[in-house]
Amino acid sequence: MAFFAVSASLTNSAAADTVNWRQFEGTSITWAYDIHPYADALAAQLPEFEKLTGIKVTPELYPDDSYWNKMTIQLTTKSPAWDVFGTGIQPA
């Protein structure tokens, strides 16, 4: 079992070494999510992400009901306003 864990770790490490993490440096993306502890945890990591990748992230956080309604509109109209958005079980 330990062999597989070590092999997977080495494989992931080798793959990470070949990725150019700054290939999109200078670009910006918009991240949308509802106001939630998950969003707080992710938002706290944005400065580190921006430092490592050179990608500027603009968060758009909305109250829960507004977010799900806005997401429905964004997806149905195929709006390019959001590059990244959170999903969950709320719409279900």
# chains A, B, ... in the order shown; residues from 1 in each chain; ligands from 1
call {"tool": "residues_around", "arguments": {"residues": "stretch 42-55 of chain A", "least_positions_apart": "2", "cutoff": "6 Å", "atoms": "only C-alpha atoms", "output": "ChimeraX atom specification"}}
result
/A:21-22,25-28,39-40
call {"tool": "atom_distance", "arguments": {"atom1": "atom CA of A:Lys78", "atom2": "atom CA of A:Asp34"}}
result
19.3 Å
call {"tool": "residues_around", "arguments": {"residues": "A:Ala81", "least_positions_apart": "5", "cutoff": "12 Å", "atoms": "only C-alpha atoms", "output": "PyMOL selection string"}}
result
chain A and resi 28-32+58-60+70-71+73-75
call {"tool": "residues_around", "arguments": {"residues": "A:Trp68", "least_positions_apart": "4", "cutoff": "12 Å", "atoms": "only C-alpha atoms", "output": "PyMOL selection string"}}
result
chain A and resi 32-35+61-64+72-75+85-92
call {"tool": "write_last_selection", "arguments": {"atoms": "N, CA, C and O atoms", "output": "PDB file, in the first residue's frame"}}
result
ATOM      1  N   ALA A  32     -17.143  33.757  -9.243  1.00  0.00           N
ATOM      2  CA  ALA A  32     -18.419  34.045  -8.587  1.00  0.00           C
ATOM      3  C   ALA A  32     -18.790  32.914  -7.627  1.00  0.00           C
ATOM      4  O   ALA A  32     -18.551  31.736  -7.911  1.00  0.00           O
ATOM      5  N   TYR A  33     -19.382  33.301  -6.508  1.00  0.00           N
ATOM      6  CA  TYR A  33     -19.819  32.319  -5.518  1.00  0.00           C
ATOM      7  C   TYR A  33     -20.828  32.987  -4.607  1.00  0.00           C
ATOM      8  O   TYR A  33     -20.945  34.219  -4.579  1.00  0.00           O
ATOM      9  N   ASP A  34     -21.552  32.164  -3.848  1.00  0.00           N
ATOM     10  CA  ASP A  34     -22.458  32.765  -2.877  1.00  0.00           C
ATOM     11  C   ASP A  34     -21.687  33.031  -1.584  1.00  0.00           C
ATOM     12  O   ASP A  34     -20.634  32.450  -1.340  1.00  0.00           O
ATOM     13  N   ILE A  35     -22.207  33.949  -0.791  1.00  0.00           N
ATOM     14  CA  ILE A  35     -21.558  34.283   0.474  1.00  0.00           C
ATOM     15  C   ILE A  35     -21.719  33.068   1.382  1.00  0.00           C
ATOM     16  O   ILE A  35     -22.831  32.684   1.749  1.00  0.00           O
ATOM     17  N   LEU A  61     -19.101  37.978  -4.940  1.00  0.00           N
ATOM     18  CA  LEU A  61     -19.830  37.181  -3.958  1.00  0.00           C
ATOM     19  C   LEU A  61     -21.222  37.771  -3.758  1.00  0.00           C
ATOM     20  O   LEU A  61     -21.368  38.979  -3.601  1.00  0.00           O
ATOM     21  N   TYR A  62     -22.209  36.911  -3.801  1.00  0.00           N
ATOM     22  CA  TYR A  62     -23.603  37.336  -3.743  1.00  0.00           C
ATOM     23  C   TYR A  62     -24.335  36.617  -2.620  1.00  0.00           C
ATOM     24  O   TYR A  62     -23.997  35.473  -2.297  1.00  0.00           O
ATOM     25  N   PRO A  63     -25.391  37.246  -2.067  1.00  0.00           N
ATOM     26  CA  PRO A  63     -26.245  36.520  -1.125  1.00  0.00           C
ATOM     27  C   PRO A  63     -26.801  35.268  -1.814  1.00  0.00           C
ATOM     28  O   PRO A  63     -26.970  35.231  -3.041  1.00  0.00           O
ATOM     29  N   ASP A  64     -27.067  34.261  -1.022  1.00  0.00           N
ATOM     30  CA  ASP A  64     -27.427  32.940  -1.526  1.00  0.00           C
ATOM     31  C   ASP A  64     -28.496  32.944  -2.624  1.00  0.00           C
ATOM     32  O   ASP A  64     -28.248  32.463  -3.729  1.00  0.00           O
ATOM     33  N   THR A  72     -28.300  30.982 -12.816  1.00  0.00           N
ATOM     34  CA  THR A  72     -29.234  30.461 -13.813  1.00  0.00           C
ATOM     35  C   THR A  72     -29.248  31.356 -15.048  1.00  0.00           C
ATOM     36  O   THR A  72     -29.181  30.879 -16.179  1.00  0.00           O
ATOM     37  N   ILE A  73     -29.289  32.659 -14.829  1.00  0.00           N
ATOM     38  CA  ILE A  73     -29.286  33.612 -15.947  1.00  0.00           C
ATOM     39  C   ILE A  73     -27.964  33.527 -16.713  1.00  0.00           C
ATOM     40  O   ILE A  73     -27.950  33.481 -17.946  1.00  0.00           O
ATOM     41  N   GLN A  74     -26.839  33.503 -15.982  1.00  0.00           N
ATOM     42  CA  GLN A  74     -25.522  33.444 -16.626  1.00  0.00           C
ATOM     43  C   GLN A  74     -25.403  32.197 -17.513  1.00  0.00           C
ATOM     44  O   GLN A  74     -24.895  32.263 -18.636  1.00  0.00           O
ATOM     45  N   LEU A  75     -25.845  31.064 -16.993  1.00  0.00           N
ATOM     46  CA  LEU A  75     -25.701  29.817 -17.750  1.00  0.00           C
ATOM     47  C   LEU A  75     -26.692  29.726 -18.911  1.00  0.00           C
ATOM     48  O   LEU A  75     -26.347  29.241 -19.980  1.00  0.00           O
ATOM     49  N   PHE A  85     -17.055  29.600 -11.332  1.00  0.00           N
ATOM     50  CA  PHE A  85     -18.158  29.771 -10.388  1.00  0.00           C
ATOM     51  C   PHE A  85     -18.317  28.509  -9.572  1.00  0.00           C
ATOM     52  O   PHE A  85     -17.927  27.426  -9.977  1.00  0.00           O
ATOM     53  N   GLY A  86     -18.876  28.687  -8.392  1.00  0.00           N
ATOM     54  CA  GLY A  86     -19.102  27.552  -7.502  1.00  0.00           C
ATOM     55  C   GLY A  86     -20.444  26.921  -7.776  1.00  0.00           C
ATOM     56  O   GLY A  86     -21.389  27.584  -8.187  1.00  0.00           O
ATOM     57  N   THR A  87     -20.495  25.635  -7.553  1.00  0.00           N
ATOM     58  CA  THR A  87     -21.756  24.916  -7.689  1.00  0.00           C
ATOM     59  C   THR A  87     -22.069  24.221  -6.376  1.00  0.00           C
ATOM     60  O   THR A  87     -21.236  24.163  -5.480  1.00  0.00           O
ATOM     61  N   GLY A  88     -23.237  23.693  -6.270  1.00  0.00           N
ATOM     62  CA  GLY A  88     -23.623  22.996  -5.060  1.00  0.00           C
ATOM     63  C   GLY A  88     -24.964  22.323  -5.268  1.00  0.00           C
ATOM     64  O   GLY A  88     -25.442  22.203  -6.387  1.00  0.00           O
ATOM     65  N   ILE A  89     -25.572  21.941  -4.176  1.00  0.00           N
ATOM     66  CA  ILE A  89     -26.857  21.231  -4.258  1.00  0.00           C
ATOM     67  C   ILE A  89     -28.053  22.186  -4.195  1.00  0.00           C
ATOM     68  O   ILE A  89     -29.177  21.761  -4.373  1.00  0.00           O
ATOM     69  N   GLN A  90     -27.814  23.466  -3.943  1.00  0.00           N
ATOM     70  CA  GLN A  90     -28.911  24.417  -3.790  1.00  0.00           C
ATOM     71  C   GLN A  90     -29.935  24.384  -4.919  1.00  0.00           C
ATOM     72  O   GLN A  90     -31.123  24.332  -4.660  1.00  0.00           O
ATOM     73  N   PRO A  91     -29.507  24.401  -6.186  1.00  0.00           N
ATOM     74  CA  PRO A  91     -30.516  24.416  -7.256  1.00  0.00           C
ATOM     75  C   PRO A  91     -31.383  23.162  -7.294  1.00  0.00           C
ATOM     76  O   PRO A  91     -32.492  23.189  -7.771  1.00  0.00           O
ATOM     77  N   ALA A  92     -30.871  22.070  -6.753  1.00  0.00           N
ATOM     78  CA  ALA A  92     -31.644  20.822  -6.740  1.00  0.00           C
ATOM     79  C   ALA A  92     -32.818  20.958  -5.820  1.00  0.00           C
ATOM     80  O   ALA A  92     -33.818  20.330  -5.948  1.00  0.00           O
TER      81      ALA A  92
END
